[in-house]
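The block underneath contains the structure these notes are about, expressed in structure tokens.
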Amino acid sequence: MRVFRMALCSAPGVAAFGLLLLCAATVGPGHSGPAAKPGQAAGLTDQAAPVLPPAAVPARRSVDGAHTAALPRIVPRAKWLADAAYRRPPARYTDRVTAVFIHHTDSPNGYDCADTPRIIRYLYADQAGGRNWDDIGYNFLVDKCGTIYEGRAGGVDRAVVGAHAQGFNRGTTGIAAIGTFDAGTPVPPAMAESIAELAAWKLGLADIDPRSRVRLTSTNSLSRFPKGRTAEFNAVAAHRDAYETYCPGQALMAALPEIRKQAAALQGR
């Protein structure tokens, strides 16, 4: 049972390109849509992240020796932005990234990878233009050929606050797989590999094991958890762990255990 609102969205010029975006309830700043009730079940096959009382959450132990991974090749946003820039406030930062949330863009899969910059521009036009967000919500986007693109501005190596996981944007990075990955849809190996490489590098900057569990505190009451509630997530988490949505799709959900394993191996764990 789908408990979130769905709307068929289009950005300026999208119709001409043939790209219609099936959008779940928005996760960007300032959204006033219906909020999930604390601990409410989503009717999904996986369980939501368990709520932990703050006093019951153990402090993260220090690790002897850093586990880092190589910086993957990331295409800068200037390569897709072109002349589509909207006015935006300065980027906001936290001290480090301790988790990544995996998304899919819920857009068509039959694209040519040469068209990826144009697809990202349409996503940006919908979010920053049509919805008046402060920028594209995702920190990074990955296409089916495995090419990684910088999304949100602020610096790929910094802990930029995104607009991808309502209530849990601080201290996390949003990685969006371009396409729709419902059950039965293969996740391209190159895409999965690049997501693992990106997660390994980004989490390695804070010496976070991609297979670990991390604690995050909700900053508002628009997610599954009310403001101030601490919850435990996988360090490489699915969007739907934190928000009432089917994102990133059942097929990509099924790929996450292997992505975590590969990311940990890239960190030398």
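Ordering of the structure tokens sets the chain letters (A, B, ...); residue numbers start at 1 within each chain; ligands are numbered from 1 in the order shown.
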- Task: Run DSSP on the backbone and grab whatever in range 38-216 of chain A lands in helix (DSSP H, G or I); send it over as a VMD selection string.
- Result: chain A and resid 54 to 56 78 to 81 113 to 130 189 to 204
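For Val100 in chain A, the residues within 9 Å (counting only C-alpha atoms, excluding itself and residues fewer than 5 positions away along the chain) are A:Gly171, A:Thr172, A:Thr173, A:Gly174, A:Ile175, A:Ala199, A:Lys202, A:Leu203, A:Pro210, A:Asn234, A:Ala235, A:Val236, A:Ala237, A:Ala238.
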- Note on the structure: From the list A:Ala200, A:Ile208, A:Val187, A:Ile102, the nearest residue to Ala263 in chain A using only C-alpha atoms is A:Ala200
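Non-sequential neighbours of Ser221 in chain A (distance at most 7 Å, separation of 4 or more positions within a chain, only C-alpha atoms) are Ala35, Gly167, Phe225, Pro226 and Lys227 of chain A.
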- Task: Tell me which of A:Gly204, A:Pro117, A:Gly268, A:Pro90 sits closest to Ile148 in chain A, counting only C-alpha atoms.
- Result: A:Pro117
- Query: If you run DSSP on this backbone, which residues of range 28-234 of chain A come out as strand (DSSP E or B), and could you give them as a ChimeraX atom specification?
  - Reply: /A:51,74-75,93,99-104,140-142,148-150,160,172-177,213-217,230-234
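Straight-line separation from CA of Leu198 in chain A to CA of Arg88 in chain A: 25.7 Å.
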- A straight line from CA of Ala192 in chain A to CA of Arg118 in chain A spans 21.6 Å
- Using only C-alpha atoms, which residues sit within 7 Å of range 131-137 of chain A once same-chain residues fewer than 5 positions away are excluded, as a PyMOL selection string? chain A and resi 28-29+88-89+124+126+151-152+162-164
- Item | CA of Glu193 in chain A to CA of Gly146 in chain A, distance in Å rounded to a single decimal | 7.2 Å
- Item | Given only C-alpha atoms as the counted atoms, nearest of A:Thr147, A:Asn220, A:Ser212, A:Gln127 to Pro72 in chain A | A:Thr147
- Message: Residues within 7 Å of Leu81 in chain A, please, as number ranges by chain. Count only C-alpha atoms; anything in the same chain fewer than 4 positions from it doesn't count.
- Response: A: 77, 85, 121
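Residues within 6 Å of range 259-261 of chain A, counting only C-alpha atoms and excluding same-chain residues fewer than 2 positions away, are Ala196, Pro210, Arg211, Leu256, Pro257, Ala263 and Ala264 of chain A.
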Let me see the file: selected residues, C-alpha atoms, as an mmCIF file, in the first residue's frame.
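For reference, result11.cif as written:
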```cif
data_model
loop_
_atom_site.group_PDB
_atom_site.id
_atom_site.type_symbol
_atom_site.label_atom_id
_atom_site.label_comp_id
_atom_site.auth_asym_id
_atom_site.auth_seq_id
_atom_site.Cartn_x
_atom_site.Cartn_y
_atom_site.Cartn_z
ATOM 1 C CA ALA A 196 30.148 1.770 -3.874
ATOM 2 C CA PRO A 210 30.055 1.313 5.110
ATOM 3 C CA ARG A 211 28.759 -1.884 6.748
ATOM 4 C CA LEU A 256 22.625 -2.382 -1.114
ATOM 5 C CA PRO A 257 24.179 -5.246 0.904
ATOM 6 C CA ALA A 263 32.586 -0.106 -0.312
ATOM 7 C CA ALA A 264 34.127 -1.635 2.805
#
```
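When the distance limit is 9 Å and only C-alpha atoms are what count, the residues near Pro248 in chain A, minus those fewer than 3 positions from it on the same chain, are Ile102, His103, His104, Thr105, Asp106, Ala176, Ala177, Thr180, Phe181, Asp182, Ala238, His239, Arg240, Thr245, Ala251, Leu252 and Met253 of chain A.
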Could the residues in this selection be written to a file with N, CA and C atoms, as a short mmCIF file (atom, residue, chain, number, x, y, z; two decimals), in the first residue's frame?
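selection39.cif, freshly written:
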```
data_model
loop_
_atom_site.label_atom_id
_atom_site.label_comp_id
_atom_site.auth_asym_id
_atom_site.auth_seq_id
_atom_site.Cartn_x
_atom_site.Cartn_y
_atom_site.Cartn_z
N ILE A 102 20.77 6.46 -0.28
CA ILE A 102 20.70 6.09 -1.68
C ILE A 102 19.28 6.33 -2.20
N HIS A 103 19.19 6.97 -3.35
CA HIS A 103 17.92 7.33 -3.98
C HIS A 103 17.91 6.80 -5.42
N HIS A 104 16.72 6.78 -6.02
CA HIS A 104 16.65 6.75 -7.48
C HIS A 104 15.83 7.97 -7.90
N THR A 105 16.04 8.41 -9.12
CA THR A 105 15.37 9.63 -9.58
C THR A 105 13.95 9.36 -10.05
N ASP A 106 13.56 8.08 -10.16
CA ASP A 106 12.21 7.71 -10.58
C ASP A 106 11.89 8.28 -11.97
N ALA A 176 22.01 9.76 -5.85
CA ALA A 176 20.84 9.39 -6.64
C ALA A 176 21.26 8.58 -7.87
N ALA A 177 20.67 7.41 -8.01
CA ALA A 177 20.83 6.60 -9.21
C ALA A 177 19.82 7.08 -10.24
N THR A 180 14.75 4.31 -12.70
CA THR A 180 13.73 3.75 -11.82
C THR A 180 14.06 2.29 -11.57
N PHE A 181 14.19 1.90 -10.31
CA PHE A 181 14.70 0.57 -9.99
C PHE A 181 13.72 -0.22 -9.13
N ASP A 182 12.50 -0.37 -9.66
CA ASP A 182 11.50 -1.19 -9.02
C ASP A 182 11.88 -2.66 -9.16
N ALA A 238 18.94 3.42 2.69
CA ALA A 238 17.97 3.72 1.64
C ALA A 238 17.13 4.91 2.06
N HIS A 239 16.72 5.71 1.10
CA HIS A 239 15.88 6.86 1.39
C HIS A 239 14.66 6.45 2.21
N ARG A 240 14.07 5.32 1.87
CA ARG A 240 12.84 4.93 2.53
C ARG A 240 13.05 4.50 3.99
N THR A 245 8.40 6.54 1.58
CA THR A 245 8.57 6.49 0.13
C THR A 245 9.04 5.10 -0.26
N ALA A 251 14.65 -3.09 -6.43
CA ALA A 251 15.85 -3.67 -7.03
C ALA A 251 17.12 -3.04 -6.47
N LEU A 252 17.12 -1.72 -6.31
CA LEU A 252 18.29 -1.06 -5.76
C LEU A 252 18.43 -1.38 -4.26
N MET A 253 17.30 -1.51 -3.57
CA MET A 253 17.34 -1.94 -2.17
C MET A 253 18.07 -3.28 -2.06
#
```
